[in-house]
>>> print(open('coords_28.cif').read())   # mmCIF, C-alpha atoms
data_target
#
loop_
_atom_site.label_atom_id
_atom_site.label_comp_id
_atom_site.auth_asym_id
_atom_site.auth_seq_id
_atom_site.Cartn_x
_atom_site.Cartn_y
_atom_site.Cartn_z
CA LEU A 2 50.13 96.41 76.32
CA PHE A 3 46.39 96.11 76.97
CA GLY A 4 46.58 96.54 80.73
CA SER A 5 44.41 93.59 81.72
CA PHE A 6 43.26 90.17 80.59
CA ASP A 7 39.75 91.51 80.01
CA ASN A 8 41.11 94.17 77.67
CA LEU A 9 43.09 91.50 75.82
CA LEU A 10 39.92 89.47 75.32
CA LEU A 11 38.16 92.57 74.04
CA ALA A 12 40.97 93.20 71.55
CA LEU A 13 40.86 89.56 70.42
CA LYS A 14 37.14 89.88 69.75
CA LYS A 15 37.91 92.78 67.44
CA ASN A 16 40.91 91.11 65.81
CA SER A 17 41.21 87.34 66.13
CA TYR A 18 44.53 87.39 64.23
CA LEU A 19 46.35 89.02 67.15
CA LEU A 20 47.62 85.79 68.68
CA GLY A 21 49.04 84.64 65.36
CA ALA A 22 50.84 87.88 64.51
CA ASN A 23 54.64 87.80 64.39
CA LEU A 24 55.81 89.67 67.46
CA GLU A 25 59.24 90.70 66.17
CA ARG A 26 58.46 91.43 62.53
CA VAL A 27 54.96 92.92 62.81
CA VAL A 28 53.73 93.88 66.29
CA LYS A 29 56.87 95.51 67.72
CA PRO A 30 57.69 97.56 64.57
CA ASN A 31 54.14 98.92 64.53
CA LEU A 32 54.38 99.87 68.20
CA SER A 33 57.71 101.57 67.50
CA LEU A 34 56.11 103.61 64.72
CA LEU A 35 53.46 104.89 67.11
CA SER A 36 56.22 105.89 69.53
CA GLU A 37 58.03 107.72 66.74
CA TYR A 38 55.00 109.93 66.28
CA GLY A 39 54.99 110.90 69.93
CA LEU A 40 52.40 108.58 71.44
CA GLY A 41 53.16 107.54 75.00
CA ALA A 42 52.64 104.09 76.49
CA HIS A 43 49.15 104.90 77.80
CA GLU A 44 48.10 106.41 74.47
CA ILE A 45 49.44 103.42 72.53
CA SER A 46 47.56 101.05 74.83
CA LYS A 47 44.34 103.00 74.32
CA PHE A 48 44.93 103.17 70.57
CA CYS A 49 45.56 99.44 70.20
CA LEU A 50 42.53 98.55 72.29
CA LYS A 51 40.26 100.59 70.03
CA ALA A 52 41.98 99.57 66.78
CA PRO A 53 43.81 96.26 67.34
CA THR A 54 43.80 95.60 63.58
CA LEU A 55 46.73 97.98 63.30
CA LEU A 56 48.94 95.55 65.24
CA THR A 57 48.59 92.84 62.59
CA VAL A 58 48.97 95.05 59.51
CA ARG A 59 52.33 94.87 57.73
CA PRO A 60 54.63 97.60 59.12
CA ALA A 61 55.35 98.83 55.59
CA ARG A 62 51.63 99.48 55.10
CA VAL A 63 51.36 101.32 58.42
CA ARG A 64 54.28 103.57 57.43
CA ALA A 65 52.72 104.09 54.02
CA MET A 66 49.43 105.08 55.64
CA ALA A 67 51.18 107.57 57.92
CA ALA A 68 53.03 109.04 54.93
CA PHE A 69 49.78 109.19 52.95
CA VAL A 70 48.11 111.12 55.77
CA GLU A 71 50.96 113.62 55.70
CA ASP A 72 50.92 113.81 51.89
CA MET A 73 47.25 114.75 52.07
CA GLY A 74 48.29 117.78 54.06
CA ILE A 75 46.98 116.51 57.38
CA PRO A 76 49.60 117.13 60.08
CA CYS A 77 50.49 113.81 61.63
CA GLY A 78 50.34 114.88 65.25
CA LYS A 79 49.26 112.58 68.05
CA LEU A 80 45.51 113.04 67.79
CA ILE A 81 45.29 113.09 64.01
CA LEU A 82 47.61 110.10 63.63
CA TRP A 83 45.54 108.17 66.16
CA HIS A 84 42.29 108.80 64.31
CA ALA A 85 43.62 108.71 60.77
CA LEU A 86 45.48 105.41 61.07
CA ARG A 87 42.49 103.89 62.79
CA CYS A 88 40.22 105.02 59.96
CA PHE A 89 42.56 104.32 57.04
CA THR A 90 43.65 100.79 58.00
CA ASN A 91 41.23 99.13 55.59
CA ILE A 92 40.83 101.94 53.05
CA SER A 93 42.79 102.11 49.80
CA LYS A 94 44.35 105.31 48.50
CA GLU A 95 42.01 105.17 45.52
CA SER A 96 38.99 105.03 47.81
CA VAL A 97 40.26 107.95 49.87
CA THR A 98 40.82 110.02 46.72
CA ALA A 99 37.32 109.23 45.44
CA LYS A 100 35.75 110.20 48.76
CA ILE A 101 37.68 113.46 48.88
CA GLU A 102 36.26 114.30 45.45
CA LEU A 103 32.77 113.46 46.70
CA LEU A 104 33.21 115.63 49.78
CA LYS A 105 34.33 118.52 47.57
CA ARG A 106 31.00 118.25 45.74
CA ILE A 107 28.98 117.79 48.93
CA PHE A 108 30.50 120.75 50.76
CA ARG A 109 31.00 122.76 47.55
CA CYS A 110 34.53 123.60 48.54
CA SER A 111 38.14 123.11 47.48
CA GLU A 112 40.39 120.17 48.27
CA PRO A 113 42.42 122.11 50.88
CA GLU A 114 39.15 122.92 52.64
CA VAL A 115 38.15 119.24 52.58
CA ILE A 116 41.52 118.36 54.11
CA ILE A 117 40.76 120.75 56.96
CA VAL A 118 37.42 118.99 57.46
CA LEU A 119 39.15 115.60 57.50
CA SER A 120 41.75 116.81 59.98
CA LYS A 121 38.83 117.42 62.35
CA THR A 122 36.89 114.26 61.52
CA PRO A 123 38.94 111.63 59.66
CA ALA A 124 36.21 109.09 60.46
CA LEU A 125 34.26 110.63 57.57
CA LEU A 126 36.34 108.55 55.18
CA THR A 127 35.06 105.32 56.71
CA ASN A 128 31.54 106.16 55.52
CA SER A 129 30.37 104.74 52.23
CA GLU A 130 29.71 107.17 49.40
CA ASP A 131 26.03 106.22 49.46
CA ARG A 132 25.77 107.02 53.15
CA MET A 133 27.53 110.36 52.69
CA CYS A 134 25.03 111.30 49.99
CA ARG A 135 22.00 110.22 52.03
CA VAL A 136 23.13 112.01 55.20
CA SER A 137 24.13 115.21 53.42
CA GLY A 138 20.90 115.13 51.41
CA PHE A 139 18.88 115.02 54.61
CA LEU A 140 20.93 117.71 56.34
CA PHE A 141 20.65 120.08 53.37
CA SER A 142 17.13 119.37 52.09
CA GLU A 143 15.25 118.56 55.28
CA ALA A 144 17.16 120.13 58.14
CA GLY A 145 17.88 123.18 55.97
CA LEU A 146 21.56 123.37 56.86
CA ASP A 147 24.04 125.06 54.56
CA PRO A 148 26.92 122.94 53.16
CA ALA A 149 29.44 125.39 54.61
CA TYR A 150 27.80 125.04 58.04
CA VAL A 151 28.00 121.24 57.91
CA ALA A 152 31.64 121.49 56.80
CA CYS A 153 32.30 123.48 59.99
CA HIS A 154 30.53 120.76 62.01
CA PRO A 155 31.58 117.60 60.12
CA GLU A 156 30.68 115.33 63.02
CA LEU A 157 27.08 115.72 61.80
CA MET A 158 28.02 113.53 58.84
CA THR A 159 29.10 110.69 61.13
CA TYR A 160 25.88 110.39 63.14
CA SER A 161 23.32 107.71 62.35
CA LEU A 162 20.73 109.04 59.90
CA GLU A 163 17.87 106.81 61.01
CA GLY A 164 18.89 106.46 64.66
CA ARG A 165 19.81 110.04 65.51
CA LEU A 166 19.62 112.73 62.84
CA MET A 167 16.08 112.09 61.64
CA PRO A 168 14.34 111.34 64.97
CA ARG A 169 15.86 114.36 66.70
CA PHE A 170 15.05 116.65 63.78
CA TYR A 171 11.38 115.69 63.91
CA VAL A 172 11.23 116.08 67.69
CA VAL A 173 12.67 119.60 67.39
CA LYS A 174 10.33 120.43 64.51
CA PHE A 175 7.34 119.11 66.45
CA LEU A 176 8.24 121.14 69.56
CA LYS A 177 8.76 124.31 67.52
CA GLU A 178 5.38 123.93 65.86
CA THR A 179 3.72 123.56 69.26
CA GLY A 180 5.50 126.68 70.50
CA SER A 181 7.27 124.66 73.19
CA LEU A 182 10.66 125.50 71.69
CA GLY A 183 11.73 128.89 70.43
CA GLN A 184 12.40 129.18 66.71
CA HIS A 185 15.97 130.25 67.49
CA ARG A 186 16.85 126.87 69.03
CA SER A 187 19.27 125.14 66.71
CA TYR A 188 19.03 121.64 65.32
CA TYR A 189 22.78 121.17 65.80
CA ALA A 190 22.47 121.76 69.54
CA ALA A 191 19.86 119.00 69.73
CA VAL A 192 21.85 116.54 67.65
CA ALA A 193 25.23 117.10 69.28
CA VAL A 194 24.22 116.21 72.85
CA LYS A 195 24.35 112.70 74.26
CA GLU A 196 21.18 110.62 74.32
CA LYS A 197 20.60 111.10 78.05
CA ASP A 198 20.94 114.87 77.75
CA PHE A 199 18.68 115.00 74.70
CA VAL A 200 15.91 113.18 76.54
CA GLU A 201 16.31 115.42 79.58
CA ARG A 202 16.20 118.64 77.52
CA TYR A 203 13.84 117.84 74.66
CA ILE A 204 11.56 115.03 75.82
CA GLN A 205 10.92 115.02 79.56
CA PRO A 206 9.98 118.73 79.97
CA TYR A 207 7.18 118.31 77.40
CA MET A 208 5.65 115.02 78.53
CA GLU A 209 2.49 116.70 79.80
CA ALA A 210 1.85 118.66 76.60
CA ALA A 211 2.88 115.74 74.36
CA PRO A 212 2.41 112.50 76.33
CA HIS A 213 3.33 110.26 73.39
CA LEU A 214 6.53 112.11 72.48
CA ALA A 215 8.90 109.82 74.40
CA GLU A 216 7.32 106.71 72.93
CA ASP A 217 7.30 108.17 69.42
CA TYR A 218 10.92 109.26 69.69
CA ALA A 219 12.09 105.87 70.98
CA ALA A 220 10.23 104.12 68.16
CA ALA A 221 11.71 106.51 65.58
CA CYS A 222 15.23 105.72 66.83
CA ARG A 223 14.46 102.06 66.13
CA GLY A 224 13.26 102.99 62.65
CA GLN A 225 9.64 102.43 63.59
CA GLY A 226 6.61 104.37 64.79
CA ARG A 227 4.77 107.36 63.36
CA LEU A 228 7.10 110.33 63.89
CA VAL A 229 9.13 110.04 60.69
CA PRO A 230 6.54 108.41 58.37
CA ARG A 231 3.92 111.06 59.11
CA PHE A 232 6.33 113.84 58.30
CA TYR A 233 7.00 112.28 54.90
CA VAL A 234 3.31 111.80 54.23
CA VAL A 235 2.57 115.45 55.00
CA LYS A 236 5.60 117.06 53.40
CA PHE A 237 6.83 114.93 50.55
CA LEU A 238 3.78 113.16 49.25
CA LEU A 239 0.90 115.49 49.96
CA LYS A 240 2.33 119.02 49.99
CA GLU A 241 4.74 118.44 47.11
CA LYS A 242 1.98 116.88 45.03
CA GLY A 243 -0.30 119.78 45.88
CA LEU A 244 -2.85 117.58 47.62
CA LEU A 245 -2.49 119.39 50.94
CA GLY A 246 -2.22 123.08 51.59
CA HIS A 247 1.10 124.33 52.93
CA HIS A 248 -0.71 125.62 56.01
CA GLN A 249 -1.21 122.04 57.20
CA SER A 250 1.05 121.44 60.18
CA TYR A 251 3.18 118.45 61.03
CA TYR A 252 2.15 118.96 64.65
CA ALA A 253 -1.52 118.33 63.84
CA ALA A 254 -0.66 115.18 61.91
CA VAL A 255 1.44 113.69 64.70
CA LEU A 256 -1.13 114.31 67.42
CA LEU A 257 -3.88 112.37 65.67
CA LYS A 258 -4.62 108.80 66.62
CA GLU A 259 -3.85 106.23 63.94
CA LYS A 260 -7.46 105.93 62.79
CA GLY A 261 -7.88 109.70 62.58
CA PHE A 262 -4.60 110.10 60.67
CA GLY A 263 -5.67 107.48 58.16
CA GLU A 264 -9.06 109.10 57.63
CA ARG A 265 -7.60 112.58 57.20
CA TYR A 266 -4.27 112.01 55.46
CA ILE A 267 -4.42 108.61 53.76
CA HIS A 268 -7.89 107.58 52.55
CA PRO A 269 -8.81 110.84 50.73
CA TYR A 270 -5.70 110.56 48.54
CA MET A 271 -5.72 106.87 47.64
CA GLU A 272 -6.66 107.55 44.03
CA ALA A 273 -3.97 110.19 43.48
CA ALA A 274 -1.37 108.22 45.46
CA PRO A 275 -2.32 104.53 45.30
CA ASN A 276 0.79 103.31 47.18
CA LEU A 277 0.39 105.74 50.06
CA ALA A 278 -1.34 103.44 52.54
CA ILE A 279 1.04 100.54 51.88
CA ASP A 280 4.15 102.72 52.07
CA TYR A 281 3.02 104.47 55.24
CA ALA A 282 2.18 101.19 57.01
CA ALA A 283 5.49 99.64 55.96
CA ALA A 284 7.45 102.71 57.12
CA CYS A 285 5.76 102.57 60.53
CA ARG A 286 6.96 98.97 60.85
CA GLY A 287 10.52 99.99 60.07
CA SER A 288 10.75 99.32 56.33
CA LYS A 289 12.64 101.73 54.12
CA LEU A 290 10.73 104.88 53.27
CA ARG A 291 9.42 104.83 49.69
CA PHE A 292 7.49 108.08 49.60
CA TYR A 293 9.91 109.57 47.11
CA ASP A 294 8.84 106.94 44.60
CA SER A 295 5.10 106.96 45.23
#
>>> encode(input="coords_28.cif", output="structure tokens")
Amino acid sequence: LFGSFDNLLLALKKNSYLLGANLERVVKPNLSLLSEYGLGAHEISKFCLKAPTLLTVRPARVRAMAAFVEDMGIPCGKLILWHALRCFTNISKESVTAKIELLKRIFRCSEPEVIIVLSKTPALLTNSEDRMCRVSGFLFSEAGLDPAYVACHPELMTYSLEGRLMPRFYVVKFLKETGSLGQHRSYYAAVAVKEKDFVERYIQPYMEAAPHLAEDYAAACRGQGRLVPRFYVVKFLLKEKGLLGHHQSYYAAVLLKEKGFGERYIHPYMEAAPNLAIDYAAACRGSKLRFYDS
């Protein structure tokens, strides 16, 4: 089934109950179900390696999940079945229903439209409701994307907020403010590419003009460094409180050395925003951003 002993070990790491599963009453019926939906031997092997939990779930539950996927209006073809069953294994019907309602509010669309979104990206339903709200809030409020646009590119909702969406957004914003990137260059294009391609397209060509960009980006992906915290200082705390003029650029704030940034953007506003220095320092170390509450 798994093709090699190494693959079997990998599957066992993901699901230690595999060796104790009843072969005749559980494993074989589940494999037969996958065959019924048109998956070939190679596809079943790949499926079970990525989601070995399915092999130890009661066959009645697997059939119920497949029926539930179809009842939702998602056609249970090979690809959709593969993803949907993998995603729904540990999700109750009640949870799925609640998340569909949330997605209707997030995307401001109807249930049939949400079903279309889920047919493209069923992994959305594995996200917690809190994560969906935080990611969509960033995409709409900060990145300036329209809900309908995100619904057309639902994979955006599955990317890491702190490890991908935020760092890449601030790199693109920084490069646009310097004039290194044209204003027409889309954020989606920067987020969708693999890490290696992003670095080659958006970091390496600008190392001379912005020698700290690679270091700042790498730190931001770890939830540390100055790239993200400085944006929040400039935009959320200072501009929204009217302490900085809207002509102040993010580019200028990022380029400053730490001492210069503190003297220009922190110390003058300590009375109006007493938690600013503490919150900024904590955010640079990787603590959760608190600028909203300052």
>>> closest_residue(input="coords_28.cif", among="A:Arg64, A:Ser93, A:Ala273, A:Arg109", to="Thr127 in chain A", atoms="all atoms listed in the file")
A:Ser93
>>> atom_distance(input="coords_28.cif", atom1="CA of Leu13 in chain A", atom2="CA of Glu44 in chain A")
18.8 Å
>>> residues_around(input="coords_28.cif", residues="Leu238 in chain A", least_positions_apart="3", cutoff="12 Å", atoms="all atoms listed in the file", output="ChimeraX atom specification")
/A:230-235,241-246,266-267,270-271,273-278,280-281,290-295
>>> atom_distance(input="coords_28.cif", atom1="CA of Lys14 in chain A", atom2="CA of Lys29 in chain A")
20.6 Å
>>> atom_distance(input="coords_28.cif", atom1="CA of Ile101 in chain A", atom2="CA of Val115 in chain A")
6.9 Å
>>> closest_residue(input="coords_28.cif", among="A:Lys236, A:His268, A:Lys15, A:His185", to="Glu143 in chain A", atoms="all atoms listed in the file")
A:Lys236
>>> resolve_selection(input="coords_28.cif", expression="the PyMOL selection byres ((chain A and resi 205-222) around 12)", output="short mmCIF file (atom, residue, chain, number, x, y, z; two decimals) with C-alpha atoms, in the coordinates of the input")
data_model
loop_
_atom_site.label_atom_id
_atom_site.label_comp_id
_atom_site.auth_asym_id
_atom_site.auth_seq_id
_atom_site.Cartn_x
_atom_site.Cartn_y
_atom_site.Cartn_z
CA SER A 161 23.32 107.71 62.35
CA LEU A 162 20.73 109.04 59.90
CA GLU A 163 17.87 106.81 61.01
CA GLY A 164 18.89 106.46 64.66
CA ARG A 165 19.81 110.04 65.51
CA LEU A 166 19.62 112.73 62.84
CA MET A 167 16.08 112.09 61.64
CA PRO A 168 14.34 111.34 64.97
CA ARG A 169 15.86 114.36 66.70
CA PHE A 170 15.05 116.65 63.78
CA TYR A 171 11.38 115.69 63.91
CA VAL A 172 11.23 116.08 67.69
CA VAL A 173 12.67 119.60 67.39
CA PHE A 175 7.34 119.11 66.45
CA LEU A 176 8.24 121.14 69.56
CA LYS A 177 8.76 124.31 67.52
CA THR A 179 3.72 123.56 69.26
CA GLY A 180 5.50 126.68 70.50
CA SER A 181 7.27 124.66 73.19
CA LEU A 182 10.66 125.50 71.69
CA GLU A 196 21.18 110.62 74.32
CA LYS A 197 20.60 111.10 78.05
CA ASP A 198 20.94 114.87 77.75
CA PHE A 199 18.68 115.00 74.70
CA VAL A 200 15.91 113.18 76.54
CA GLU A 201 16.31 115.42 79.58
CA ARG A 202 16.20 118.64 77.52
CA TYR A 203 13.84 117.84 74.66
CA ILE A 204 11.56 115.03 75.82
CA ARG A 223 14.46 102.06 66.13
CA GLY A 224 13.26 102.99 62.65
CA GLN A 225 9.64 102.43 63.59
CA GLY A 226 6.61 104.37 64.79
CA ARG A 227 4.77 107.36 63.36
CA LEU A 228 7.10 110.33 63.89
CA VAL A 229 9.13 110.04 60.69
CA PRO A 230 6.54 108.41 58.37
CA ARG A 231 3.92 111.06 59.11
CA PHE A 232 6.33 113.84 58.30
CA TYR A 252 2.15 118.96 64.65
CA ALA A 253 -1.52 118.33 63.84
CA VAL A 255 1.44 113.69 64.70
CA LEU A 256 -1.13 114.31 67.42
CA LEU A 257 -3.88 112.37 65.67
CA LYS A 258 -4.62 108.80 66.62
CA ALA A 284 7.45 102.71 57.12
CA CYS A 285 5.76 102.57 60.53
CA ARG A 286 6.96 98.97 60.85
CA GLY A 287 10.52 99.99 60.07
CA SER A 288 10.75 99.32 56.33
#
>>> resolve_selection(input="coords_28.cif", expression="the PyMOL selection byres ((chain A and resi 65) around 12)", output="ChimeraX atom specification")
/A:31,34,58-64,66-72,86,89-90,93-94
>>> resolve_selection(input="coords_28.cif", expression="the PyMOL selection byres ((chain A and resi 155) around 9)", output="MDAnalysis selection string")
chainID A and resid 118:119 121:122 125 150:154 156:159
>>> axis_aligned_box(input="coords_28.cif", around="range 186-190 of chain A", padding_each_side="4 Å", output="JSON")
{"center_x": 19.8, "center_y": 124.0, "center_z": 67.4, "size_x": 13.9, "size_y": 13.7, "size_z": 12.2}
>>> residues_around(input="coords_28.cif", residues="Leu32 in chain A", least_positions_apart="3", cutoff="10 Å", atoms="all atoms listed in the file", output="tab-separated table (two decimals) with C-alpha atoms, in the coordinates of the input")
chain	number	residue	atom	x	y	z
A	2	LEU	CA	50.13	96.41	76.32
A	27	VAL	CA	54.96	92.92	62.81
A	28	VAL	CA	53.73	93.88	66.29
A	29	LYS	CA	56.87	95.51	67.72
A	35	LEU	CA	53.46	104.89	67.11
A	36	SER	CA	56.22	105.89	69.53
A	37	GLU	CA	58.03	107.72	66.74
A	40	LEU	CA	52.40	108.58	71.44
A	42	ALA	CA	52.64	104.09	76.49
A	45	ILE	CA	49.44	103.42	72.53
A	46	SER	CA	47.56	101.05	74.83
A	49	CYS	CA	45.56	99.44	70.20
A	55	LEU	CA	46.73	97.98	63.30
A	56	LEU	CA	48.94	95.55	65.24
A	60	PRO	CA	54.63	97.60	59.12
>>> closest_residue(input="coords_28.cif", among="A:Tyr18, A:Arg265, A:Ser111, A:Lys100", to="Ser129 in chain A", atoms="all atoms listed in the file")
A:Lys100
